[in-house]
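Notes to accompany the following structure.
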Protein chains: 2
Amino acid sequence: MRAITAARAQELTIGRLSELTGVNIETIRYYERTKVLPAPARTASGRRVYQSADIRTLAFLRRARELGFSLDAIRALLRLGGPEKASCREVRGIASHHLDDIRAKISDLRKLERLLAKTVAQCTGTTAPDCPVLDILDIQGRN
Amino acid sequence: MRAITAARAQELTIGRLSELTGVNIETIRYYERTKVLPAPARTASGRRVYQSADIRTLAFLRRARELGFSLDAIRALLRLGGPEKASCREVRGIASHHLDDIRAKISDLRKLERLLAKTVAQCTGTTAPDCPVLDILDIQGRN
DNA sequence: ATGCATCCTGTAGCCGCTACAGGATCAAGG
DNA sequence: CCTTGATCCTGTAGCGGCTACAGGATGCAT
């Protein structure tokens, strides 16, 4: 059932696909090279021909990137989401693993934020002999 | 009171400096190549010779990296913190700019976290025909 | 026929490392 | 003194996820 069959699945150039999805042309080609996207058909002269279904895939990809999924994770998601259903459990696995990463990153950043904010607040802005910012970075360092 | 003055400024090999600071040897050389660290003296046979003051600098560098400062920012900090005092104001500028970056990143990540968490929670784990994770990534996309 | 837009491939650069190849040098033990 | 093994040196290439060229081939409108 992969066949294009009926229904005018209109064809797109890479430039048009790029416009429609907001993904840079070079990036689309990069995704193809790195097997995130399958290679599309070509015209006689070698130009890429995309189908309207590719808009959806690329939009998905773009959104997943915005959500911080790695290309590796996205390759997996596309494989799972692809050829007729997929195990929602596996998808959930990937997503919740990613969620863990995000939470760890947030927690790290919050620690940094607190420390930096506290320190910057101590700055008088004058050319004082010792600067609180340089101080936290310096020796007394391990906190 | 910056001066080390007295006290046997002992010399170190790159390996020893690496041990003492926890910074990879290759990374130390990389910092030299990219002008984050000044090139040290050399022995007759060409080996790098570090002074104990370099431990402090490299530890500073390491800590600043842990706090997420870019090498560019660190180059600036080292220049400012370097040759006798420095404008604390400029240091504060760099640090508070970095703080802004961190806060923006935290805010982004929190949005992602909420969205992903909500979605993953809806997962039954079965092989349902539609998967909430794939759904948020898909079409209805813009939230 | 001309011009310009768009496309193609291939390669190199960004950051901040890390890893390796291939060689030189050092310190210690036999 | 010689050998071994650790350490050092330089130079280059790779990671992820693009982005930006160069240099050439099409496509389309006038």
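Ligands are numbered from 1 in the order shown, residues from 1 within each chain, and chains are lettered A, B, ... in the order they appear in the structure tokens.
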Query - stretch 37-118 of chain B: residues DSSP assigns to helix (DSSP H, G or I), reported as a VMD selection string - result: chain B and resid 52 to 66 71 to 81 88 to 118
Requested in this report: Within 12 Å of chain B, which residues of chain D are there when counting only C-alpha atoms (C1' of nucleotides)? Please give them as a count of residues only.
Outcome: 5
Query raised in the report: Do you know which residues are at most 10 Å from B:Gly68 counting only C-alpha atoms (C1' of nucleotides), after dropping those on the same chain fewer than 3 positions away, and could you put them as a ChimeraX atom specification?
Result: /A:109,112 /B:62-65,71,73-74,98-99,101-102
Write to file, as a PDB file, in the first residue's frame, the residues of the selection just made, with C-alpha atoms.
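result-v3.pdb written:
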ATOM      1  CA  LEU A 109      21.324  24.677  34.827  1.00  0.00           C
ATOM      2  CA  LEU A 112      24.437  27.202  37.828  1.00  0.00           C
TER       3      LEU A 112
ATOM      4  CA  ARG B  62      37.880  24.087  34.118  1.00  0.00           C
ATOM      5  CA  ARG B  63      35.475  25.530  36.576  1.00  0.00           C
ATOM      6  CA  ALA B  64      34.329  28.185  34.160  1.00  0.00           C
ATOM      7  CA  ARG B  65      33.672  25.468  31.586  1.00  0.00           C
ATOM      8  CA  LEU B  71      35.863  29.411  25.514  1.00  0.00           C
ATOM      9  CA  ALA B  73      33.978  34.149  27.263  1.00  0.00           C
ATOM     10  CA  ILE B  74      36.776  32.471  29.184  1.00  0.00           C
ATOM     11  CA  HIS B  98      25.878  34.229  30.436  1.00  0.00           C
ATOM     12  CA  LEU B  99      23.287  34.166  33.167  1.00  0.00           C
ATOM     13  CA  ASP B 101      21.604  32.602  28.360  1.00  0.00           C
ATOM     14  CA  ILE B 102      21.239  30.074  31.110  1.00  0.00           C
TER      15      ILE B 102
END
**Report entry** Long-range neighbours of stretch 28-32 of chain B as a count of residues only, 12 Å cut-off, only C-alpha atoms (C1' of nucleotides), 2 positions minimum in chain
**Finding:** 42
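Here atom CA of A:Val91 and atom CA of B:Val133 stand 6.9 Å from one another.
Shell of C:DC20 at 10 Å, with only C-alpha atoms (C1' of nucleotides) counted and residues fewer than 5 places along the chain excluded, is DT12, DA13 and DG14 of chain D.
With only C-alpha atoms (C1' of nucleotides) as the basis for measurement, A:Val49 is the residue among A:Val49, A:Ile94, A:Leu78, A:Leu20 that approaches chain C most closely.
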Spatial neighbours of D:DT19, 9 Å, only C-alpha atoms (C1' of nucleotides), chain gap at least 6 places, as a compact mmCIF listing (two decimals) with C-alpha atoms (C1' of nucleotides), in the first residue's frame:
# COMPACT_ATOMS: atom_id res chain seq x y z
CA GLU A 26 21.10 22.08 2.83
CA THR A 27 19.68 20.55 5.97
C1' DG C 13 34.02 25.12 8.57
C1' DC C 14 31.68 25.89 13.30
Query raised in the report: Counting only C-alpha atoms (C1' of nucleotides), what is within 12 Å of A:Val120, bar same-chain residues fewer than 5 positions away, as a PyMOL selection string?
Result: (chain A and resi 112-115+125+131-137) or (chain B and resi 88-100)
Query - Atomic distance atom CA of B:Arg103 - atom CA of B:Thr119, expressed in Å with one decimal - result: 24.4 Å
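In this structure, the chain C residues at most 8 Å away from chain A are DT6, DC7 and DC8 of chain C, with only C-alpha atoms (C1' of nucleotides) considered.
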Residues as selected, N, CA and C atoms (P, O5', C5', C4', C3', O3' and C1' of nucleotides), written as a PDB file, in the first residue's frame, can you do that?
ATOM      1  P    DT C   6      14.579  31.033  -6.829  1.00  0.00           P
ATOM      2  O5'  DT C   6      15.084  29.524  -7.006  1.00  0.00           O
ATOM      3  C5'  DT C   6      14.368  28.657  -7.852  1.00  0.00           C
ATOM      4  C4'  DT C   6      15.239  27.465  -8.208  1.00  0.00           C
ATOM      5  C3'  DT C   6      15.772  26.678  -7.021  1.00  0.00           C
ATOM      6  O3'  DT C   6      14.919  25.543  -6.838  1.00  0.00           O
ATOM      7  C1'  DT C   6      17.282  26.785  -8.861  1.00  0.00           C
ATOM      8  P    DC C   7      15.102  24.523  -5.661  1.00  0.00           P
ATOM      9  O5'  DC C   7      16.265  23.551  -6.167  1.00  0.00           O
ATOM     10  C5'  DC C   7      15.953  22.567  -7.126  1.00  0.00           C
ATOM     11  C4'  DC C   7      17.205  22.075  -7.808  1.00  0.00           C
ATOM     12  C3'  DC C   7      18.167  21.297  -6.924  1.00  0.00           C
ATOM     13  O3'  DC C   7      17.762  19.927  -6.852  1.00  0.00           O
ATOM     14  C1'  DC C   7      19.283  22.690  -8.521  1.00  0.00           C
ATOM     15  P    DC C   8      18.501  18.990  -5.813  1.00  0.00           P
ATOM     16  O5'  DC C   8      19.935  18.797  -6.482  1.00  0.00           O
ATOM     17  C5'  DC C   8      20.063  17.939  -7.615  1.00  0.00           C
ATOM     18  C4'  DC C   8      21.502  17.896  -8.067  1.00  0.00           C
ATOM     19  C3'  DC C   8      22.472  17.428  -6.993  1.00  0.00           C
ATOM     20  O3'  DC C   8      22.531  16.016  -6.967  1.00  0.00           O
ATOM     21  C1'  DC C   8      23.339  19.313  -8.167  1.00  0.00           C
TER      22       DC C   8
END
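For the pair atom CA of A:Gln10 and atom CA of A:Gln51, the interatomic distance is 6.0 Å.
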